[in-house]
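Listing of coords35.cif, mmCIF, C-alpha atoms
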data_work
loop_
_atom_site.group_PDB
_atom_site.id
_atom_site.type_symbol
_atom_site.label_atom_id
_atom_site.label_comp_id
_atom_site.auth_asym_id
_atom_site.auth_seq_id
_atom_site.Cartn_x
_atom_site.Cartn_y
_atom_site.Cartn_z
ATOM 1 C CA MET Q 250 147.673 65.392 101.947
ATOM 2 C CA ARG Q 251 145.635 67.774 99.834
ATOM 3 C CA LYS Q 252 143.306 70.127 101.652
ATOM 4 C CA LEU Q 253 139.669 69.019 101.680
ATOM 5 C CA VAL Q 254 136.962 71.656 102.224
ATOM 6 C CA THR Q 255 133.346 70.454 102.348
ATOM 7 C CA LEU Q 256 130.360 72.748 101.875
ATOM 8 C CA GLU Q 257 127.089 71.084 102.938
ATOM 9 C CA GLU Q 258 127.811 70.601 106.638
ATOM 10 C CA HIS Q 259 124.908 71.293 108.953
ATOM 11 C CA LEU Q 260 124.246 72.404 112.480
ATOM 12 C CA ALA Q 261 121.277 73.602 114.515
ATOM 13 C CA VAL Q 262 121.129 76.269 117.185
ATOM 14 C CA PRO Q 263 118.893 75.830 120.239
ATOM 15 C CA GLU Q 264 116.830 78.997 119.760
ATOM 16 C CA VAL Q 265 115.900 78.069 116.189
ATOM 17 C CA ALA Q 266 115.259 74.427 117.085
ATOM 18 C CA GLU Q 267 112.828 75.606 119.752
ATOM 19 C CA ALA Q 268 111.057 77.900 117.272
ATOM 20 C CA TRP Q 269 110.619 75.029 114.806
ATOM 21 C CA LYS Q 270 108.323 73.273 117.286
ATOM 22 C CA ASP Q 271 105.463 75.712 116.684
ATOM 23 C CA ALA Q 272 106.399 77.079 113.263
ATOM 24 C CA PRO Q 273 103.394 78.358 111.267
ATOM 25 C CA THR Q 274 103.594 75.524 108.729
ATOM 26 C CA SER Q 275 101.677 72.313 108.191
ATOM 27 C CA PRO Q 276 101.692 69.642 110.920
ATOM 28 C CA ARG Q 277 103.422 67.309 108.490
ATOM 29 C CA ASP Q 278 106.306 69.764 108.020
ATOM 30 C CA ARG Q 279 106.648 70.218 111.782
ATOM 31 C CA ASP Q 280 106.675 66.435 112.220
ATOM 32 C CA ASP Q 281 109.443 66.130 109.624
ATOM 33 C CA VAL Q 282 111.606 68.645 111.492
ATOM 34 C CA ALA Q 283 110.873 66.962 114.813
ATOM 35 C CA MET Q 284 111.965 63.584 113.415
ATOM 36 C CA MET Q 285 115.154 65.144 112.081
ATOM 37 C CA MET Q 286 116.014 66.586 115.477
ATOM 38 C CA GLU Q 287 115.185 63.312 117.200
ATOM 39 C CA SER Q 288 117.514 61.333 114.947
ATOM 40 C CA ARG Q 289 120.323 63.847 114.375
ATOM 41 C CA GLY Q 290 119.839 66.545 117.001
ATOM 42 C CA ASP Q 291 122.817 65.592 119.151
ATOM 43 C CA ALA Q 292 125.225 65.954 116.240
ATOM 44 C CA LEU Q 293 123.519 69.065 114.839
ATOM 45 C CA LEU Q 294 123.690 70.893 118.170
ATOM 46 C CA GLU Q 295 127.417 70.235 118.620
ATOM 47 C CA TRP Q 296 130.258 72.008 116.832
ATOM 48 C CA GLY Q 297 133.197 71.153 119.074
ATOM 49 C CA GLU Q 298 135.338 68.119 119.745
ATOM 50 C CA ARG Q 299 132.818 65.523 118.568
ATOM 51 C CA ARG Q 300 132.426 67.238 115.202
ATOM 52 C CA LEU Q 301 136.150 67.782 114.814
ATOM 53 C CA ALA Q 302 136.753 64.101 115.545
ATOM 54 C CA ALA Q 303 134.172 63.135 112.908
ATOM 55 C CA MET Q 304 135.886 65.420 110.402
ATOM 56 C CA ASP Q 305 139.232 63.817 111.149
ATOM 57 C CA ASP Q 306 137.685 60.398 110.635
ATOM 58 C CA GLN Q 307 136.171 61.449 107.295
ATOM 59 C CA GLY Q 308 139.411 63.057 106.139
ATOM 60 C CA VAL Q 309 137.866 66.538 106.064
ATOM 61 C CA ASP Q 310 140.048 69.541 106.866
ATOM 62 C CA VAL Q 311 137.411 72.319 106.805
ATOM 63 C CA GLN Q 312 133.626 72.256 107.109
ATOM 64 C CA VAL Q 313 131.598 75.185 105.788
ATOM 65 C CA LEU Q 314 128.936 75.247 108.510
ATOM 66 C CA SER Q 315 125.285 76.003 107.758
ATOM 67 C CA LEU Q 316 122.012 76.029 109.645
ATOM 68 C CA THR Q 317 120.170 72.901 108.586
ATOM 69 C CA ALA Q 318 116.833 72.961 106.762
ATOM 70 C CA PRO Q 319 114.403 74.606 107.039
ATOM 71 C CA GLY Q 320 116.605 77.383 108.431
ATOM 72 C CA VAL Q 321 114.341 80.208 109.532
ATOM 73 C CA GLN Q 322 112.308 80.096 106.320
ATOM 74 C CA ASN Q 323 109.358 78.380 107.991
ATOM 75 C CA LEU Q 324 108.993 81.096 110.659
ATOM 76 C CA ASP Q 325 107.051 84.338 110.746
ATOM 77 C CA VAL Q 326 108.959 87.528 110.016
ATOM 78 C CA GLU Q 327 108.963 88.643 113.650
ATOM 79 C CA ARG Q 328 110.974 85.577 114.658
ATOM 80 C CA ALA Q 329 112.843 84.853 111.443
ATOM 81 C CA VAL Q 330 114.791 88.121 111.366
ATOM 82 C CA PRO Q 331 116.276 88.078 114.894
ATOM 83 C CA LEU Q 332 116.791 84.309 114.910
ATOM 84 C CA ALA Q 333 118.721 84.441 111.627
ATOM 85 C CA ALA Q 334 121.041 87.018 113.174
ATOM 86 C CA ARG Q 335 121.555 84.870 116.282
ATOM 87 C CA ALA Q 336 122.245 81.778 114.188
ATOM 88 C CA ASN Q 337 124.789 83.669 112.105
ATOM 89 C CA ASP Q 338 126.475 85.034 115.206
ATOM 90 C CA THR Q 339 126.704 81.442 116.470
ATOM 91 C CA ILE Q 340 128.203 80.194 113.208
ATOM 92 C CA ALA Q 341 130.697 83.069 113.192
ATOM 93 C CA ALA Q 342 131.684 82.260 116.785
ATOM 94 C CA ALA Q 343 132.239 78.605 115.875
ATOM 95 C CA VAL Q 344 134.461 79.678 112.972
ATOM 96 C CA ALA Q 345 136.389 82.067 115.227
ATOM 97 C CA ALA Q 346 136.977 79.276 117.746
ATOM 98 C CA HIS Q 347 138.454 76.970 115.076
ATOM 99 C CA PRO Q 348 139.393 79.167 112.101
ATOM 100 C CA ASP Q 349 141.543 76.462 110.555
ATOM 101 C CA ARG Q 350 138.700 73.907 110.659
ATOM 102 C CA PHE Q 351 135.464 75.841 110.057
ATOM 103 C CA ASP Q 352 134.055 78.335 107.592
ATOM 104 C CA GLY Q 353 130.420 79.343 107.444
ATOM 105 C CA PHE Q 354 127.340 80.064 105.343
ATOM 106 C CA ALA Q 355 124.811 82.526 106.716
ATOM 107 C CA THR Q 356 121.146 81.693 107.089
ATOM 108 C CA LEU Q 357 118.783 84.331 105.704
ATOM 109 C CA PRO Q 358 115.368 85.480 106.977
ATOM 110 C CA THR Q 359 113.750 85.075 103.562
ATOM 111 C CA PRO Q 360 110.226 85.830 104.854
ATOM 112 C CA ASP Q 361 111.497 89.445 104.656
ATOM 113 C CA PRO Q 362 113.708 89.656 101.534
ATOM 114 C CA GLN Q 363 114.936 93.166 102.334
ATOM 115 C CA ALA Q 364 115.997 92.032 105.792
ATOM 116 C CA ALA Q 365 117.558 88.917 104.223
ATOM 117 C CA ALA Q 366 119.666 91.084 101.915
ATOM 118 C CA ALA Q 367 120.768 93.245 104.831
ATOM 119 C CA GLU Q 368 121.631 90.182 106.910
ATOM 120 C CA LEU Q 369 123.660 88.743 104.051
ATOM 121 C CA GLY Q 370 125.649 91.966 103.950
ATOM 122 C CA ARG Q 371 126.238 91.876 107.703
ATOM 123 C CA ALA Q 372 127.187 88.213 107.650
ATOM 124 C CA VAL Q 373 129.724 88.593 104.845
ATOM 125 C CA GLN Q 374 131.157 92.012 105.616
ATOM 126 C CA ASP Q 375 131.028 92.085 109.428
ATOM 127 C CA LEU Q 376 131.116 88.408 110.422
ATOM 128 C CA GLY Q 377 133.333 87.153 107.615
ATOM 129 C CA LEU Q 378 130.972 84.373 106.510
ATOM 130 C CA ALA Q 379 131.305 82.902 103.052
ATOM 131 C CA GLY Q 380 127.854 83.459 101.551
ATOM 132 C CA ALA Q 381 124.540 81.913 102.483
ATOM 133 C CA MET Q 382 122.432 78.785 102.300
ATOM 134 C CA ILE Q 383 118.799 79.103 101.194
ATOM 135 C CA HIS Q 384 116.400 76.178 101.502
ATOM 136 C CA GLY Q 385 114.371 76.717 98.350
ATOM 137 C CA ARG Q 386 110.922 78.250 98.647
ATOM 138 C CA THR Q 387 109.664 80.353 101.529
ATOM 139 C CA GLY Q 388 106.143 79.024 101.950
ATOM 140 C CA PRO Q 389 104.587 79.464 98.487
ATOM 141 C CA VAL Q 390 107.158 82.080 97.421
ATOM 142 C CA ARG Q 391 109.522 80.554 94.865
ATOM 143 C CA LEU Q 392 113.118 81.649 94.443
ATOM 144 C CA ASP Q 393 112.272 83.411 91.168
ATOM 145 C CA ASP Q 394 109.511 85.501 92.767
ATOM 146 C CA PRO Q 395 110.238 89.216 92.178
ATOM 147 C CA ARG Q 396 109.984 89.770 95.934
ATOM 148 C CA ASN Q 397 113.335 87.963 96.294
ATOM 149 C CA GLU Q 398 115.204 90.346 94.007
ATOM 150 C CA PRO Q 399 116.970 92.153 96.906
ATOM 151 C CA ILE Q 400 118.642 88.864 97.872
ATOM 152 C CA TRP Q 401 120.083 88.273 94.410
ATOM 153 C CA THR Q 402 121.176 91.886 94.110
ATOM 154 C CA ALA Q 403 123.024 91.713 97.418
ATOM 155 C CA ALA Q 404 124.628 88.349 96.669
ATOM 156 C CA ALA Q 405 125.931 89.542 93.300
ATOM 157 C CA GLU Q 406 127.256 92.809 94.702
ATOM 158 C CA LEU Q 407 128.973 91.043 97.593
ATOM 159 C CA GLY Q 408 130.359 88.249 95.430
ATOM 160 C CA ALA Q 409 128.732 85.875 97.924
ATOM 161 C CA PRO Q 410 127.660 82.445 96.627
ATOM 162 C CA ILE Q 411 124.232 81.130 97.574
ATOM 163 C CA TYR Q 412 123.917 77.410 98.258
ATOM 164 C CA VAL Q 413 120.402 76.268 97.292
ATOM 165 C CA HIS Q 414 119.548 73.369 99.586
ATOM 166 C CA PRO Q 415 116.488 71.083 99.376
ATOM 167 C CA GLN Q 416 113.327 71.309 101.407
ATOM 168 C CA GLN Q 417 110.076 69.376 101.344
ATOM 169 C CA PRO Q 418 107.639 69.891 98.450
ATOM 170 C CA VAL Q 419 104.425 71.688 99.310
ATOM 171 C CA ASP Q 420 101.692 69.543 100.827
ATOM 172 C CA GLU Q 421 99.584 69.601 97.652
ATOM 173 C CA VAL Q 422 102.451 68.075 95.663
ATOM 174 C CA ARG Q 423 103.168 65.560 98.405
ATOM 175 C CA ASP Q 424 99.531 64.502 98.415
ATOM 176 C CA VAL Q 425 99.497 63.853 94.651
ATOM 177 C CA TYR Q 426 102.932 62.340 94.051
ATOM 178 C CA TYR Q 427 104.392 61.173 97.352
ATOM 179 C CA SER Q 428 101.562 59.598 99.318
ATOM 180 C CA GLY Q 429 99.545 56.395 99.369
ATOM 181 C CA PHE Q 430 102.122 54.088 100.915
ATOM 182 C CA ASP Q 431 102.979 53.696 104.573
ATOM 183 C CA PRO Q 432 104.017 56.913 106.371
ATOM 184 C CA ALA Q 433 107.727 56.082 106.318
ATOM 185 C CA THR Q 434 107.701 55.396 102.574
ATOM 186 C CA ASP Q 435 105.664 58.528 101.877
ATOM 187 C CA ALA Q 436 108.114 60.644 103.863
ATOM 188 C CA ALA Q 437 111.152 59.109 102.161
ATOM 189 C CA LEU Q 438 109.717 59.608 98.665
ATOM 190 C CA ALA Q 439 108.923 63.250 99.396
ATOM 191 C CA SER Q 440 112.422 63.903 100.712
ATOM 192 C CA ALA Q 441 115.679 62.066 100.064
ATOM 193 C CA GLY Q 442 114.028 59.455 97.815
ATOM 194 C CA ILE Q 443 113.393 61.985 95.059
ATOM 195 C CA GLY Q 444 111.023 64.765 96.135
ATOM 196 C CA TRP Q 445 113.714 67.080 97.493
ATOM 197 C CA HIS Q 446 115.673 66.859 94.283
ATOM 198 C CA TYR Q 447 112.870 67.616 91.828
ATOM 199 C CA GLU Q 448 111.793 70.461 94.099
ATOM 200 C CA THR Q 449 115.257 72.018 94.241
ATOM 201 C CA GLY Q 450 116.062 71.461 90.582
ATOM 202 C CA MET Q 451 112.849 73.224 89.581
ATOM 203 C CA GLN Q 452 113.617 76.158 91.852
ATOM 204 C CA VAL Q 453 117.025 76.602 90.218
ATOM 205 C CA LEU Q 454 115.695 76.137 86.683
ATOM 206 C CA ARG Q 455 112.966 78.704 87.306
ATOM 207 C CA LEU Q 456 115.541 81.154 88.639
ATOM 208 C CA VAL Q 457 117.530 80.756 85.421
ATOM 209 C CA LEU Q 458 114.416 81.216 83.279
ATOM 210 C CA SER Q 459 113.467 84.345 85.225
ATOM 211 C CA GLY Q 460 116.535 86.116 83.875
ATOM 212 C CA ALA Q 461 118.129 86.493 87.307
ATOM 213 C CA PHE Q 462 121.591 85.772 85.908
ATOM 214 C CA ASP Q 463 121.100 88.291 83.107
ATOM 215 C CA ARG Q 464 120.179 90.945 85.633
ATOM 216 C CA HIS Q 465 123.015 89.800 87.915
ATOM 217 C CA PRO Q 466 125.740 88.177 85.799
ATOM 218 C CA ASP Q 467 128.028 87.925 88.840
ATOM 219 C CA LEU Q 468 125.479 85.923 90.847
ATOM 220 C CA GLN Q 469 126.791 82.469 91.759
ATOM 221 C CA LEU Q 470 124.824 79.510 93.115
ATOM 222 C CA VAL Q 471 125.886 76.148 94.494
ATOM 223 C CA VAL Q 472 123.582 73.129 94.357
ATOM 224 C CA GLY Q 473 124.085 69.665 95.793
ATOM 225 C CA HIS Q 474 123.271 66.069 94.899
ATOM 226 C CA TRP Q 475 125.151 66.370 91.611
ATOM 227 C CA GLY Q 476 122.794 68.996 90.237
ATOM 228 C CA GLU Q 477 119.453 68.091 91.833
ATOM 229 C CA VAL Q 478 118.225 66.057 88.835
ATOM 230 C CA VAL Q 479 118.002 69.055 86.476
ATOM 231 C CA LEU Q 480 121.691 68.924 85.510
ATOM 232 C CA PHE Q 481 121.233 65.394 84.227
ATOM 233 C CA TYR Q 482 118.522 66.636 81.861
ATOM 234 C CA LEU Q 483 120.508 69.662 80.740
ATOM 235 C CA ASP Q 484 120.885 68.363 77.184
ATOM 236 C CA ARG Q 485 117.142 67.845 76.934
ATOM 237 C CA ILE Q 486 116.405 71.215 78.544
ATOM 238 C CA ALA Q 487 118.761 72.907 76.087
ATOM 239 C CA ASP Q 488 117.098 71.139 73.143
ATOM 240 C CA VAL Q 489 113.646 72.437 74.030
ATOM 241 C CA SER Q 490 114.742 75.775 75.514
ATOM 242 C CA PRO Q 491 113.629 77.806 72.447
ATOM 243 C CA ARG Q 492 110.093 77.058 73.611
ATOM 244 C CA PHE Q 493 110.517 78.623 77.040
ATOM 245 C CA GLY Q 494 113.869 80.411 77.316
ATOM 246 C CA VAL Q 495 112.465 83.478 75.617
ATOM 247 C CA GLY Q 496 114.458 86.623 76.244
ATOM 248 C CA LEU Q 497 117.501 85.013 77.865
ATOM 249 C CA ARG Q 498 120.764 86.573 76.734
ATOM 250 C CA ARG Q 499 122.741 83.327 76.646
ATOM 251 C CA PRO Q 500 122.027 79.698 75.755
ATOM 252 C CA ILE Q 501 120.370 78.117 78.758
ATOM 253 C CA ALA Q 502 123.160 75.588 79.314
ATOM 254 C CA ASP Q 503 125.656 78.436 79.743
ATOM 255 C CA TYR Q 504 124.016 79.541 82.985
ATOM 256 C CA PHE Q 505 124.444 76.051 84.432
ATOM 257 C CA ARG Q 506 128.115 76.081 83.403
ATOM 258 C CA GLU Q 507 129.013 79.652 84.316
ATOM 259 C CA ASN Q 508 126.804 80.652 87.267
ATOM 260 C CA ILE Q 509 126.282 77.397 89.177
ATOM 261 C CA SER Q 510 128.686 75.034 90.946
ATOM 262 C CA TYR Q 511 127.892 71.509 92.131
ATOM 263 C CA THR Q 512 128.585 69.173 95.038
ATOM 264 C CA GLY Q 513 127.682 65.553 95.608
ATOM 265 C CA SER Q 514 126.195 66.175 99.078
ATOM 266 C CA GLY Q 515 128.018 63.152 100.444
ATOM 267 C CA MET Q 516 127.001 60.890 97.544
ATOM 268 C CA VAL Q 517 130.386 59.338 96.822
ATOM 269 C CA VAL Q 518 129.451 57.823 93.448
ATOM 270 C CA PRO Q 519 132.297 57.980 90.903
ATOM 271 C CA ARG Q 520 130.076 57.832 87.813
ATOM 272 C CA LEU Q 521 128.094 60.862 89.031
ATOM 273 C CA LEU Q 522 131.320 62.780 89.533
ATOM 274 C CA ARG Q 523 132.452 61.858 86.016
ATOM 275 C CA TRP Q 524 129.100 62.872 84.552
ATOM 276 C CA THR Q 525 129.100 66.216 86.331
ATOM 277 C CA ILE Q 526 132.615 66.992 85.121
ATOM 278 C CA GLU Q 527 131.606 66.063 81.583
ATOM 279 C CA MET Q 528 128.585 68.366 81.755
ATOM 280 C CA VAL Q 529 130.044 71.460 83.417
ATOM 281 C CA GLY Q 530 133.809 71.037 83.776
ATOM 282 C CA VAL Q 531 136.004 70.210 86.746
ATOM 283 C CA GLU Q 532 136.178 73.892 87.722
ATOM 284 C CA ARG Q 533 132.503 73.764 88.700
ATOM 285 C CA VAL Q 534 132.764 70.816 91.112
ATOM 286 C CA LEU Q 535 133.102 71.218 94.898
ATOM 287 C CA SER Q 536 133.183 68.799 97.833
ATOM 288 C CA ALA Q 537 130.537 68.097 100.485
ATOM 289 C CA THR Q 538 129.679 65.328 102.960
ATOM 290 C CA ASP Q 539 126.195 66.407 104.157
ATOM 291 C CA TYR Q 540 127.238 65.993 107.805
ATOM 292 C CA PRO Q 541 125.654 64.548 109.920
ATOM 293 C CA PHE Q 542 123.138 62.962 107.572
ATOM 294 C CA ILE Q 543 125.414 60.883 105.309
ATOM 295 C CA ASP Q 544 127.979 58.400 106.562
ATOM 296 C CA ASN Q 545 131.402 59.323 105.174
ATOM 297 C CA SER Q 546 133.285 57.744 108.057
ATOM 298 C CA GLY Q 547 136.491 55.775 107.809
ATOM 299 C CA GLY Q 548 138.071 58.305 105.471
ATOM 300 C CA ALA Q 549 135.379 57.879 102.795
ATOM 301 C CA ALA Q 550 135.182 61.571 101.930
ATOM 302 C CA ARG Q 551 138.898 61.859 101.254
ATOM 303 C CA ARG Q 552 139.213 58.431 99.641
ATOM 304 C CA PHE Q 553 136.452 59.273 97.146
ATOM 305 C CA LEU Q 554 138.493 62.135 95.751
ATOM 306 C CA ASP Q 555 141.899 60.493 96.090
ATOM 307 C CA ASP Q 556 140.792 57.337 94.260
ATOM 308 C CA THR Q 557 139.511 59.107 91.139
ATOM 309 C CA ASP Q 558 141.513 58.982 87.923
ATOM 310 C CA LEU Q 559 141.776 62.779 87.859
ATOM 311 C CA SER Q 560 145.077 64.609 87.856
ATOM 312 C CA ASP Q 561 146.466 66.001 91.093
ATOM 313 C CA THR Q 562 145.657 69.504 89.835
ATOM 314 C CA GLU Q 563 142.031 68.518 89.243
ATOM 315 C CA LYS Q 564 141.774 66.812 92.624
ATOM 316 C CA ASP Q 565 143.154 69.914 94.322
ATOM 317 C CA ALA Q 566 140.606 72.050 92.485
ATOM 318 C CA ILE Q 567 137.682 69.921 93.686
ATOM 319 C CA GLY Q 568 139.124 69.519 97.157
ATOM 320 C CA HIS Q 569 139.675 73.200 97.859
ATOM 321 C CA GLY Q 570 140.775 75.349 94.927
ATOM 322 C CA ASN Q 571 137.376 75.866 93.316
ATOM 323 C CA TRP Q 572 135.905 76.875 96.670
ATOM 324 C CA GLU Q 573 138.725 79.300 97.377
ATOM 325 C CA ALA Q 574 138.123 80.929 93.988
ATOM 326 C CA LEU Q 575 134.360 81.154 94.591
ATOM 327 C CA ARG Q 576 134.412 82.315 98.199
ATOM 328 C CA PRO Q 577 134.389 86.087 98.903
ATOM 329 C CA LYS Q 578 137.842 87.275 99.825
ATOM 330 C CA ARG Q 579 138.275 87.715 103.568
#

Do you think you could lay out the structure here as structure tokens?
Amino acid sequence: MRKLVTLEEHLAVPEVAEAWKDAPTSPRDRDDVAMMMESRGDALLEWGERRLAAMDDQGVDVQVLSLTAPGVQNLDVERAVPLAARANDTIAAAVAAHPDRFDGFATLPTPDPQAAAAELGRAVQDLGLAGAMIHGRTGPVRLDDPRNEPIWTAAAELGAPIYVHPQQPVDEVRDVYYSGFDPATDAALASAGIGWHYETGMQVLRLVLSGAFDRHPDLQLVVGHWGEVVLFYLDRIADVSPRFGVGLRRPIADYFRENISYTGSGMVVPRLLRWTIEMVGVERVLSATDYPFIDNSGGAARRFLDDTDLSDTEKDAIGHGNWEALRPKR
């Protein structure tokens, strides 16, 4: 069987989960995190035999572990910095315990971008982690904010990919676009229904427009959900880019094809895979199951790739080769 490495595979660590309970964010955001832990906490807090058994059932050989959203990005600096280090030590220990089954993304204390850059360096160079996962904004601070420049500098210098993962839109956006129904519907619209994906796609598009990839041509991102909406409007974005892509050194579509890779986040939809390959090429497609949030049981993760009409070489690339080329060398 071909090797299958999946990238968006989450865990939680007890110290961070405890800090989420009184994070300095809105009550609605704290409630969202509490509901996540209530429904998925048992699986998130376990990275031993139960997880390995689930991987075997899915057909997954290696999970790239990551601290689930919101990471430590919703915490104050005084807690975010030490808790990020503890979470990364935990992820590194899990990888060391099962090096043939786990790899890991670091979590970064983005409330302090300088500390985040330093922690990325420690995680990659000292702990052997594969890059980092960032959950979009940090409060009102967007990814393209100049304050985040140390993170992009460090990632490019280290050759460490950054996975940009969704988080909830700000309350003002939720109030305007994702409210007015019952609470469950409001929450679903703001998150997995569509809110997460517009939010994340805009963060990535803004980062491109900011010139980050011109300043750091070696910077590499990964985004999930087949491009977080924005990839599916890439033709339209490219058509109108002369209006807003002022000063970029390359056509805007080139950044999406040369500096960003894509996973399906557990969405095993063949037409979305075909579309993504058509837009960016098979060399930009990676695998993910979004454990434990998406059901890929009964071998679904492996069957999705095996049943495509791609060549064996292309299947191997998506299953593991593209990740091995993107990952920093150990």

Check which residues satisfy the PyMOL selection byres ((chain Q and resi 321-328) around 9) in the file shown, then give them as a PDB file with C-alpha atoms, keeping the file's coordinate frame.
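What landed in selection.pdb:
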ATOM      1  CA  VAL Q 265     115.900  78.069 116.189  1.00  0.00           C
ATOM      2  CA  ALA Q 268     111.057  77.900 117.272  1.00  0.00           C
ATOM      3  CA  TRP Q 269     110.619  75.029 114.806  1.00  0.00           C
ATOM      4  CA  ASP Q 271     105.463  75.712 116.684  1.00  0.00           C
ATOM      5  CA  ALA Q 272     106.399  77.079 113.263  1.00  0.00           C
ATOM      6  CA  PRO Q 273     103.394  78.358 111.267  1.00  0.00           C
ATOM      7  CA  THR Q 274     103.594  75.524 108.729  1.00  0.00           C
ATOM      8  CA  LEU Q 316     122.012  76.029 109.645  1.00  0.00           C
ATOM      9  CA  ALA Q 318     116.833  72.961 106.762  1.00  0.00           C
ATOM     10  CA  PRO Q 319     114.403  74.606 107.039  1.00  0.00           C
ATOM     11  CA  GLY Q 320     116.605  77.383 108.431  1.00  0.00           C
ATOM     12  CA  ALA Q 329     112.843  84.853 111.443  1.00  0.00           C
ATOM     13  CA  VAL Q 330     114.791  88.121 111.366  1.00  0.00           C
ATOM     14  CA  PRO Q 331     116.276  88.078 114.894  1.00  0.00           C
ATOM     15  CA  LEU Q 332     116.791  84.309 114.910  1.00  0.00           C
ATOM     16  CA  ALA Q 333     118.721  84.441 111.627  1.00  0.00           C
ATOM     17  CA  THR Q 356     121.146  81.693 107.089  1.00  0.00           C
ATOM     18  CA  LEU Q 357     118.783  84.331 105.704  1.00  0.00           C
ATOM     19  CA  PRO Q 358     115.368  85.480 106.977  1.00  0.00           C
ATOM     20  CA  THR Q 359     113.750  85.075 103.562  1.00  0.00           C
ATOM     21  CA  PRO Q 360     110.226  85.830 104.854  1.00  0.00           C
ATOM     22  CA  ASP Q 361     111.497  89.445 104.656  1.00  0.00           C
ATOM     23  CA  ILE Q 383     118.799  79.103 101.194  1.00  0.00           C
ATOM     24  CA  HIS Q 384     116.400  76.178 101.502  1.00  0.00           C
ATOM     25  CA  GLY Q 385     114.371  76.717  98.350  1.00  0.00           C
ATOM     26  CA  ARG Q 386     110.922  78.250  98.647  1.00  0.00           C
ATOM     27  CA  THR Q 387     109.664  80.353 101.529  1.00  0.00           C
ATOM     28  CA  GLY Q 388     106.143  79.024 101.950  1.00  0.00           C
TER      29      GLY Q 388
END

Q) Near Arg289 (chain Q), counting all atoms listed in the file, which residues have an atom at most 9 Å away, once you skip same-chain residues fewer than 4 positions from it, shown as a PyMOL selection string? A) chain Q and resi 284-285+293-294+541-542

Q: Using all atoms listed in the file, pick whichever of Q:Glu527, Q:Glu264, Q:Asp555, Q:Glu398 has the shortest atom-to-atom distance to Arg506 (chain Q).
A: Q:Glu527

Q | Å distance separating CA of Gly408 (chain Q) from CA of Leu378 (chain Q), one decimal place | A |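 These two atoms are separated by 11.8 Å.
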
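Using all atoms listed in the file, the residues found no farther than 10 Å from Ile526 (chain Q), other than those of its own chain fewer than 6 positions away, are Trp475, Tyr511, Arg520, Glu532, Arg533 and Val534 of chain Q.
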
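Of the listed residues (Q:Val373, Q:Val313, Q:Val282, Q:Ala364), Q:Val313 comes nearest to His347 (chain Q); the distances count all atoms listed in the file.
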
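Across Q:Asp484, Q:Glu477, Q:Glu368, Q:Glu267, the tightest approach to Met516 (chain Q) is made by Q:Glu477 when counting only C-alpha atoms.
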
Q: Taking the file above as input, evaluate the PyMOL selection byres ((chain Q and resi 500) around 12) and report the hits as a PyMOL selection string.
A: chain Q and resi 457-458+460+462-463+483-484+486-491+493-499+501-507

**Q.** All residues 10 Å or closer to Pro418 (chain Q), all atoms listed in the file, same chain fewer than 6 positions away omitted, as a list in words
**A.**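 Non-adjacent residues within range: Asp278, Gly385, Arg386, Gly388, Asp424, Tyr426, Tyr427, Ala439, Ser440, Gly444, Trp445, His446, Tyr447, Glu448 and Thr449 of chain Q.
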
Export of prior selection with C-alpha atoms as a short mmCIF file (atom, residue, chain, number, x, y, z; two decimals), in the coordinates of the input:
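Output contents, as saved in part01.cif:
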data_model
loop_
_atom_site.label_atom_id
_atom_site.label_comp_id
_atom_site.auth_asym_id
_atom_site.auth_seq_id
_atom_site.Cartn_x
_atom_site.Cartn_y
_atom_site.Cartn_z
CA ASP Q 278 106.31 69.76 108.02
CA GLY Q 385 114.37 76.72 98.35
CA ARG Q 386 110.92 78.25 98.65
CA GLY Q 388 106.14 79.02 101.95
CA ASP Q 424 99.53 64.50 98.42
CA TYR Q 426 102.93 62.34 94.05
CA TYR Q 427 104.39 61.17 97.35
CA ALA Q 439 108.92 63.25 99.40
CA SER Q 440 112.42 63.90 100.71
CA GLY Q 444 111.02 64.76 96.14
CA TRP Q 445 113.71 67.08 97.49
CA HIS Q 446 115.67 66.86 94.28
CA TYR Q 447 112.87 67.62 91.83
CA GLU Q 448 111.79 70.46 94.10
CA THR Q 449 115.26 72.02 94.24
#

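Residue nearest Glu421 (chain Q) within the list Q:Arg523, Q:Glu257, Q:Phe354, Q:Pro389: Q:Pro389 [criterion: smallest interatomic distance, only C-alpha atoms].
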
Once 3 Å is added on each side, what centre and edge lengths in Å to one decimal does the axis-aligned box around all listed atoms of region 282-293 of chain Q have, as lines of an AutoDock Vina configuration file?
center_x = 118.0
center_y = 65.2
center_z = 115.3
size_x = 20.4
size_y = 13.7
size_z = 13.7

Q: Record the distance separating CA of Gln312 (chain Q) and CA of Ile340 (chain Q), expressed in Å with one decimal.
A: 11.4 Å

Q | CA of Arg552 (chain Q) to CA of Gly308 (chain Q), distance in Å rounded to a single decimal | A |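 Atom-to-atom, CA of Arg552 (chain Q) to CA of Gly308 (chain Q), that is 8.0 Å.
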
Q: Apply the PyMOL selection byres ((chain Q and resi 306) around 10) to the displayed file and report the matching residues as a VMD selection string.
A: chain Q and resid 300 to 305 307 to 309 545 to 551

Q.
Between Q:Val478, Q:Ala334, Q:Ala461, Q:Ile567, which residue has the minimum interatomic distance to Ile443 (chain Q), considering all atoms listed in the file?
A.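 Between Q:Val478, Q:Ala334, Q:Ala461, Q:Ile567, the residue approaching Ile443 (chain Q) most closely is Q:Val478.
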
Q. Quick one: of Q:Ala261, Q:Ala341, Q:Leu314, Q:Met451, who's nearest to Asp539 (chain Q), counting only C-alpha atoms?
A.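 When distances to Asp539 (chain Q) are compared using only C-alpha atoms, the smallest one comes from Q:Leu314.
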
Q: Write out as a ChimeraX atom specification each polymer residue whose atoms come within 9 Å of Val472 (chain Q), counting all atoms listed in the file; drop sequence neighbours fewer than 3 positions from it.
A: /Q:411-415,449-450,453,475-477,509-514
